[in-house]
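Enquirer: Have a look at this one before I ask anything.
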Amino acid sequence: MTETVIATHGLQKRYGAVHAVDGIDLDVRAGDVYGFLGANGSGKTTTVRMLLGLVLPTKGEVRVLGQRMPKASREVLPRVGALIEGPAAYGHLSGTANLRLLDAAGPGGSRRSRKQRVGEVLEQVGLSGVGRRPVRAYSLGMRQRLGLAGALLRRPDLLILDEPTNGLDPQGIHEIRTLLLDLNSTGTTVFLSSHLLAEIEQLATRVGVLDRGRVVVQDDLATLTAPTGATVVETPDPQRVRTVLGDRVLSADGGTAVVRGADPAEVNAALVAAGVPVTGLRLQRPSLEEVVLAAAGTSADRVEAHR
Ligand code: ATP
């Protein structure tokens with residue numbers, strides 16, 4: 001069985017009358033890129049803070065890397081790299097100096113190997129050219145990358161990142177995505193929150209959708225977007241598909257017809273035999289947006305489908 005890396009049970013946080021997190025059961029497994037998707041204000045940051053032991057739950061249980069949080073923080077946190085809500089750094093010091101300070105707070109290693117590690121993580125996040133510049137001269141995107149470099153210093157087993165691409169330009173987003181996928185391929189479990197559907201769809205292997213403090217969807221992305229059992233036919237004449245296939249046609253409009261049946265070759269053969277021009281065929285799959293819409297109803301328009 002796959003090892004559970006993050007597990008919460010009935011996790012709740014209330015601020016007065018506000019149910020910021022309202023009884024959630026997260027299940028993140030070793031090797032996942034877990035995308036935690038939710039609109040602004042849905043409770044993502046509060047959840048992330050509880051995972052890291054920075055906020056105490058009102059109710060419920062948190063286990064990270066198999067141990068209770070916040071009780072086991074001292075053993076767990078050194079194995080977790082975290083980036084939450086804009087990284088903190090000393091503006092008058094260089095990126096390198098900031099990382100050395102962070103590293104100095106960590107456990108051991110020779111001066112030389114630590115220096116080398118700082119160089120490596122700066123390189124990994126694409127900041128090696130500017131490591132000597134003071135952080136106050138960094139753009140928001142550069143600060144975000146420096147925060148990520150700090151999270152990587154100790155070669156964590158688990159990365160917990162709250163909106164890691166906030167403030168990055170498309171090139172920066174692409175670089176961070178590639179970096180996270182690289183890290184994941186070498187065994188790091190990644191938990192990242194985002195309000196951007198497209199980002200989660202491109203990165204995640206497993207998805208949890210938070211809607212007003214509740215988890216409304218949690219499953220593997222491949223399962224959520226599995227074929228529906230219907231075939232999409234692209235054709236200049238969708239009405240003729242209806243004439244030929246009758247009530248197997250679930251919809252016909254624009255340049256497509258959706259036909260019941262998950263064997264595109266069979267659908268194609270039937271249409272071509274009847275002389276219907278077919279320009280494309282594919283299995284129908286719901287997009288993550290459709291899955292979220294079905295599960296969260298009105299709130300799906302609050303998570304952004306595109307940047
Ligand atoms: P964003 O992406 O905007 O940060 P989020 O999904 O991370 O949103 P949270 O920051 O966790 O959401 O906030 C969830 C709810 O809890 C919001 O209604 C917020 O106003 C409220 N909240 C969060 N922190 C506090 C606090 N310290 N005191 C009172 N209310 C809070």
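Every chain in the structure tokens takes a letter, A first, then B, and so on in the order presented; its residues are numbered from 1, and the ligands are numbered from 1 following the presented order.
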Return as a ChimeraX atom specification every polymer residue, whether protein, DNA or RNA, with at least one atom no more than 8 Å from an atom of ligand 1; count only C-alpha atoms and all ligand atoms.

Expert: /A:14-16,18-21,38-47,85,162-163,194-195,210,212-213

Enquirer: List as a PDB file with N, CA and C atoms, in the first residue's frame the protein and nucleic acid residues near A:Gly167, meaning an atom at most 10 Å away when only C-alpha atoms are counted, but skip any in the same chain fewer than 6 places from it.

Expert:
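Result saved to part_14.pdb:
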```
ATOM      1  N   GLY A  86       4.119  34.369   0.320  1.00  0.00           N
ATOM      2  CA  GLY A  86       5.200  35.324   0.119  1.00  0.00           C
ATOM      3  C   GLY A  86       6.322  35.083   1.102  1.00  0.00           C
ATOM      4  N   SER A 139      12.589  41.208  -7.901  1.00  0.00           N
ATOM      5  CA  SER A 139      11.171  41.295  -8.237  1.00  0.00           C
ATOM      6  C   SER A 139      10.402  40.312  -7.355  1.00  0.00           C
ATOM      7  N   LEU A 140       9.073  40.430  -7.381  1.00  0.00           N
ATOM      8  CA  LEU A 140       8.234  39.504  -6.606  1.00  0.00           C
ATOM      9  C   LEU A 140       8.527  38.056  -7.016  1.00  0.00           C
ATOM     10  N   GLY A 141       8.659  37.856  -8.320  1.00  0.00           N
ATOM     11  CA  GLY A 141       8.922  36.513  -8.829  1.00  0.00           C
ATOM     12  C   GLY A 141      10.251  35.974  -8.318  1.00  0.00           C
ATOM     13  N   MET A 142      11.269  36.844  -8.271  1.00  0.00           N
ATOM     14  CA  MET A 142      12.578  36.406  -7.770  1.00  0.00           C
ATOM     15  C   MET A 142      12.505  36.067  -6.283  1.00  0.00           C
ATOM     16  N   ARG A 143      11.737  36.847  -5.543  1.00  0.00           N
ATOM     17  CA  ARG A 143      11.576  36.542  -4.104  1.00  0.00           C
ATOM     18  C   ARG A 143      10.897  35.196  -3.915  1.00  0.00           C
ATOM     19  N   GLN A 144       9.910  34.956  -4.772  1.00  0.00           N
ATOM     20  CA  GLN A 144       9.180  33.694  -4.697  1.00  0.00           C
ATOM     21  C   GLN A 144      10.139  32.529  -4.956  1.00  0.00           C
ATOM     22  N   ILE A 173       6.762  30.750 -14.327  1.00  0.00           N
ATOM     23  CA  ILE A 173       5.801  29.689 -13.998  1.00  0.00           C
ATOM     24  C   ILE A 173       6.239  28.389 -14.651  1.00  0.00           C
TER      25      ILE A 173
END
```

Enquirer: Mind listing the alpha helix (DSSP H) residues of stretch 57-140 of chain A, per DSSP on the backbone, as a PyMOL selection string?

Expert: chain A and resi 73-76+95-104+111-124+140

Enquirer: Determine, counting only C-alpha atoms, which protein, DNA and RNA residues have an atom within 9 Å of an atom of A:Val244; residues of the same chain fewer than 3 positions away are not included. Present the result as JSON, numbers by chain.

Expert: {"A": [239, 240, 241, 270, 271, 274, 276]}

Enquirer: Would you put the residues from that selection into a file with N, CA, C and O atoms, as a PDB file, in the first residue's frame?

Expert:
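File produced: again01.pdb:
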```
ATOM      1  N   GLN A 239     -25.555  17.058 -37.966  1.00  0.00           N
ATOM      2  CA  GLN A 239     -26.950  16.579 -38.035  1.00  0.00           C
ATOM      3  C   GLN A 239     -27.051  15.245 -38.767  1.00  0.00           C
ATOM      4  O   GLN A 239     -27.910  14.416 -38.458  1.00  0.00           O
ATOM      5  N   ARG A 240     -26.139  15.029 -39.729  1.00  0.00           N
ATOM      6  CA  ARG A 240     -26.170  13.737 -40.446  1.00  0.00           C
ATOM      7  C   ARG A 240     -25.740  12.594 -39.533  1.00  0.00           C
ATOM      8  O   ARG A 240     -26.142  11.447 -39.734  1.00  0.00           O
ATOM      9  N   VAL A 241     -24.896  12.907 -38.545  1.00  0.00           N
ATOM     10  CA  VAL A 241     -24.515  11.885 -37.560  1.00  0.00           C
ATOM     11  C   VAL A 241     -25.775  11.424 -36.839  1.00  0.00           C
ATOM     12  O   VAL A 241     -26.005  10.231 -36.623  1.00  0.00           O
ATOM     13  N   ALA A 270     -19.055   3.220 -38.947  1.00  0.00           N
ATOM     14  CA  ALA A 270     -20.490   3.383 -39.214  1.00  0.00           C
ATOM     15  C   ALA A 270     -20.751   4.678 -39.986  1.00  0.00           C
ATOM     16  O   ALA A 270     -21.551   4.697 -40.935  1.00  0.00           O
ATOM     17  N   LEU A 271     -20.042   5.746 -39.606  1.00  0.00           N
ATOM     18  CA  LEU A 271     -20.282   7.041 -40.251  1.00  0.00           C
ATOM     19  C   LEU A 271     -19.712   7.065 -41.668  1.00  0.00           C
ATOM     20  O   LEU A 271     -20.371   7.543 -42.606  1.00  0.00           O
ATOM     21  N   ALA A 274     -21.744   5.345 -44.156  1.00  0.00           N
ATOM     22  CA  ALA A 274     -22.956   6.086 -44.560  1.00  0.00           C
ATOM     23  C   ALA A 274     -22.610   7.380 -45.294  1.00  0.00           C
ATOM     24  O   ALA A 274     -23.491   8.188 -45.588  1.00  0.00           O
ATOM     25  N   VAL A 276     -20.763   9.954 -44.181  1.00  0.00           N
ATOM     26  CA  VAL A 276     -20.663  11.190 -43.374  1.00  0.00           C
ATOM     27  C   VAL A 276     -19.182  11.575 -43.264  1.00  0.00           C
ATOM     28  O   VAL A 276     -18.361  10.741 -42.882  1.00  0.00           O
TER      29      VAL A 276
END
```

Enquirer: Compile the contact shell of A:Val267 as a PyMOL selection string: residues with an atom at most 8 Å away, counting only C-alpha atoms, same-chain residues fewer than 5 positions apart removed.

Expert: chain A and resi 231+259+261

Enquirer: Identify, on the basis of only C-alpha atoms, every residue whose closest approach to A:Thr58 does not exceed 8 Å; exclude the query and any residue fewer than 5 positions from it along the same chain; express the result as an NGL selection string.

Expert: :A and (11-14)

Enquirer: Hey, can you spit out that residue selection with all heavy atoms as a compact mmCIF listing (two decimals), in the first residue's frame?

Expert:
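Once written, part.txt looks like this:
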```txt
# COMPACT_ATOMS: atom_id res chain seq x y z
N LEU A 11 -10.65 17.88 10.09
CA LEU A 11 -9.88 19.08 10.45
C LEU A 11 -10.74 20.35 10.30
O LEU A 11 -11.34 20.58 9.25
CB LEU A 11 -8.65 19.17 9.55
CG LEU A 11 -7.66 20.27 9.87
CD1 LEU A 11 -7.05 20.05 11.26
CD2 LEU A 11 -6.56 20.33 8.82
N GLN A 12 -10.73 21.11 11.38
CA GLN A 12 -11.58 22.31 11.44
C GLN A 12 -10.82 23.49 11.98
O GLN A 12 -10.00 23.33 12.89
CB GLN A 12 -12.69 22.05 12.45
CG GLN A 12 -14.04 21.81 11.86
CD GLN A 12 -15.09 21.71 12.96
OE1 GLN A 12 -15.10 22.52 13.90
NE2 GLN A 12 -15.95 20.72 12.85
N LYS A 13 -11.11 24.68 11.43
CA LYS A 13 -10.62 25.90 12.06
C LYS A 13 -11.70 26.96 11.98
O LYS A 13 -12.22 27.26 10.91
CB LYS A 13 -9.36 26.41 11.34
CG LYS A 13 -8.78 27.67 11.97
CD LYS A 13 -8.20 27.39 13.34
CE LYS A 13 -7.84 28.64 14.10
NZ LYS A 13 -7.25 28.32 15.43
N ARG A 14 -12.05 27.46 13.13
CA ARG A 14 -13.03 28.56 13.17
C ARG A 14 -12.35 29.81 13.68
O ARG A 14 -11.52 29.75 14.59
CB ARG A 14 -14.16 28.23 14.12
CG ARG A 14 -14.99 27.11 13.61
CD ARG A 14 -16.24 26.92 14.43
NE ARG A 14 -16.94 25.75 13.94
CZ ARG A 14 -17.92 25.16 14.57
NH1 ARG A 14 -18.36 25.63 15.73
NH2 ARG A 14 -18.49 24.11 14.06
```

Enquirer: What's around stretch 91-99 of chain A at 12 Å? Count only C-alpha atoms, leave out sequence neighbours fewer than 2 positions away in its own chain, and write the answer as number ranges by chain.

Expert: A: 87-89, 101-106, 114-123, 125-139, 142-154

Enquirer: Stretch 7-239 of chain A: which residues are strand (DSSP E) by DSSP, as a ChimeraX atom specification?

Expert: /A:7-15,18-24,27-29,33-38,59-64,67-69,80-83,158-162,189-194,206-211,214-220,230-234

Enquirer: Write out the residues from the selection above, keeping C-alpha atoms, as a PDB file, in the first residue's frame.

Expert:
```pdb
ATOM      1  CA  ALA A   7      -3.643  12.758   6.447  1.00  0.00           C
ATOM      2  CA  THR A   8      -6.192  14.969   8.159  1.00  0.00           C
ATOM      3  CA  HIS A   9      -9.366  13.804   9.862  1.00  0.00           C
ATOM      4  CA  GLY A  10     -12.262  16.123  10.531  1.00  0.00           C
ATOM      5  CA  LEU A  11      -9.882  19.079  10.448  1.00  0.00           C
ATOM      6  CA  GLN A  12     -11.582  22.308  11.439  1.00  0.00           C
ATOM      7  CA  LYS A  13     -10.616  25.904  12.060  1.00  0.00           C
ATOM      8  CA  ARG A  14     -13.025  28.560  13.170  1.00  0.00           C
ATOM      9  CA  TYR A  15     -12.330  32.234  13.595  1.00  0.00           C
ATOM     10  CA  VAL A  18     -16.148  32.094  10.319  1.00  0.00           C
ATOM     11  CA  HIS A  19     -15.670  28.406   9.493  1.00  0.00           C
ATOM     12  CA  ALA A  20     -12.391  28.889   7.625  1.00  0.00           C
ATOM     13  CA  VAL A  21     -11.844  25.110   7.388  1.00  0.00           C
ATOM     14  CA  ASP A  22     -14.886  22.999   8.032  1.00  0.00           C
ATOM     15  CA  GLY A  23     -14.022  19.366   8.713  1.00  0.00           C
ATOM     16  CA  ILE A  24     -11.702  18.153   5.966  1.00  0.00           C
ATOM     17  CA  ASP A  27      -5.234  12.125   1.887  1.00  0.00           C
ATOM     18  CA  VAL A  28      -1.889  12.790   0.212  1.00  0.00           C
ATOM     19  CA  ARG A  29       0.266   9.818  -0.756  1.00  0.00           C
ATOM     20  CA  VAL A  33       1.857  16.057  -6.827  1.00  0.00           C
ATOM     21  CA  TYR A  34      -1.241  16.987  -4.872  1.00  0.00           C
ATOM     22  CA  GLY A  35      -3.040  20.046  -6.191  1.00  0.00           C
ATOM     23  CA  PHE A  36      -5.114  21.801  -3.542  1.00  0.00           C
ATOM     24  CA  LEU A  37      -7.504  23.939  -5.542  1.00  0.00           C
ATOM     25  CA  GLY A  38      -9.811  26.573  -4.144  1.00  0.00           C
ATOM     26  CA  LYS A  59     -10.968  20.319  16.028  1.00  0.00           C
ATOM     27  CA  GLY A  60      -9.599  17.296  14.205  1.00  0.00           C
ATOM     28  CA  GLU A  61      -6.301  15.616  13.568  1.00  0.00           C
ATOM     29  CA  VAL A  62      -3.287  16.259  11.326  1.00  0.00           C
ATOM     30  CA  ARG A  63      -0.608  13.713  10.470  1.00  0.00           C
ATOM     31  CA  VAL A  64       2.372  14.651   8.343  1.00  0.00           C
ATOM     32  CA  GLN A  67       3.344  11.775  12.813  1.00  0.00           C
ATOM     33  CA  ARG A  68       0.884  13.963  14.700  1.00  0.00           C
ATOM     34  CA  MET A  69       1.190  17.696  14.163  1.00  0.00           C
ATOM     35  CA  VAL A  80       9.405  19.348   5.022  1.00  0.00           C
ATOM     36  CA  GLY A  81      10.185  22.277   2.727  1.00  0.00           C
ATOM     37  CA  ALA A  82       7.531  24.969   2.969  1.00  0.00           C
ATOM     38  CA  LEU A  83       6.654  28.188   1.203  1.00  0.00           C
ATOM     39  CA  LEU A 158       7.731  16.700   1.241  1.00  0.00           C
ATOM     40  CA  LEU A 159       7.253  20.179  -0.210  1.00  0.00           C
ATOM     41  CA  ILE A 160       4.259  22.220   0.953  1.00  0.00           C
ATOM     42  CA  LEU A 161       3.777  25.281  -1.222  1.00  0.00           C
ATOM     43  CA  ASP A 162       1.022  27.862  -0.914  1.00  0.00           C
ATOM     44  CA  THR A 189       6.020  14.477  -2.642  1.00  0.00           C
ATOM     45  CA  VAL A 190       4.619  17.893  -3.559  1.00  0.00           C
ATOM     46  CA  PHE A 191       1.542  19.514  -2.014  1.00  0.00           C
ATOM     47  CA  LEU A 192       0.680  22.804  -3.651  1.00  0.00           C
ATOM     48  CA  SER A 193      -2.261  25.112  -3.293  1.00  0.00           C
ATOM     49  CA  SER A 194      -3.568  27.252  -6.108  1.00  0.00           C
ATOM     50  CA  ARG A 206      -4.020  14.061  -7.415  1.00  0.00           C
ATOM     51  CA  VAL A 207      -6.482  16.845  -6.755  1.00  0.00           C
ATOM     52  CA  GLY A 208      -8.399  18.121  -3.753  1.00  0.00           C
ATOM     53  CA  VAL A 209     -10.950  20.863  -4.315  1.00  0.00           C
ATOM     54  CA  LEU A 210     -11.776  23.127  -1.408  1.00  0.00           C
ATOM     55  CA  ASP A 211     -15.056  25.021  -1.489  1.00  0.00           C
ATOM     56  CA  ARG A 214     -15.006  21.850   2.649  1.00  0.00           C
ATOM     57  CA  VAL A 215     -13.370  19.304   0.368  1.00  0.00           C
ATOM     58  CA  VAL A 216     -15.849  18.659  -2.440  1.00  0.00           C
ATOM     59  CA  VAL A 217     -13.605  16.535  -4.661  1.00  0.00           C
ATOM     60  CA  GLN A 218     -10.533  14.444  -3.885  1.00  0.00           C
ATOM     61  CA  ASP A 219      -9.160  11.883  -6.294  1.00  0.00           C
ATOM     62  CA  ASP A 220      -6.468  11.104  -8.833  1.00  0.00           C
ATOM     63  CA  ALA A 230     -18.856   8.551 -25.209  1.00  0.00           C
ATOM     64  CA  THR A 231     -17.011   9.489 -28.398  1.00  0.00           C
ATOM     65  CA  VAL A 232     -16.671  13.012 -29.776  1.00  0.00           C
ATOM     66  CA  VAL A 233     -16.958  13.171 -33.558  1.00  0.00           C
ATOM     67  CA  GLU A 234     -15.707  16.226 -35.394  1.00  0.00           C
TER      68      GLU A 234
END
```

Enquirer: Let me make sure I understand: among A:Leu203, A:Pro170, A:Asp25, A:Pro70, which one has the smallest atom-to-atom distance to A:Val55 if we use only C-alpha atoms?

Expert: A:Pro70

Enquirer: Quick one: of A:Ala296, A:Thr235, A:Ser110, A:Thr4, who's nearest to A:Gly254, counting only C-alpha atoms?

Expert: A:Thr235
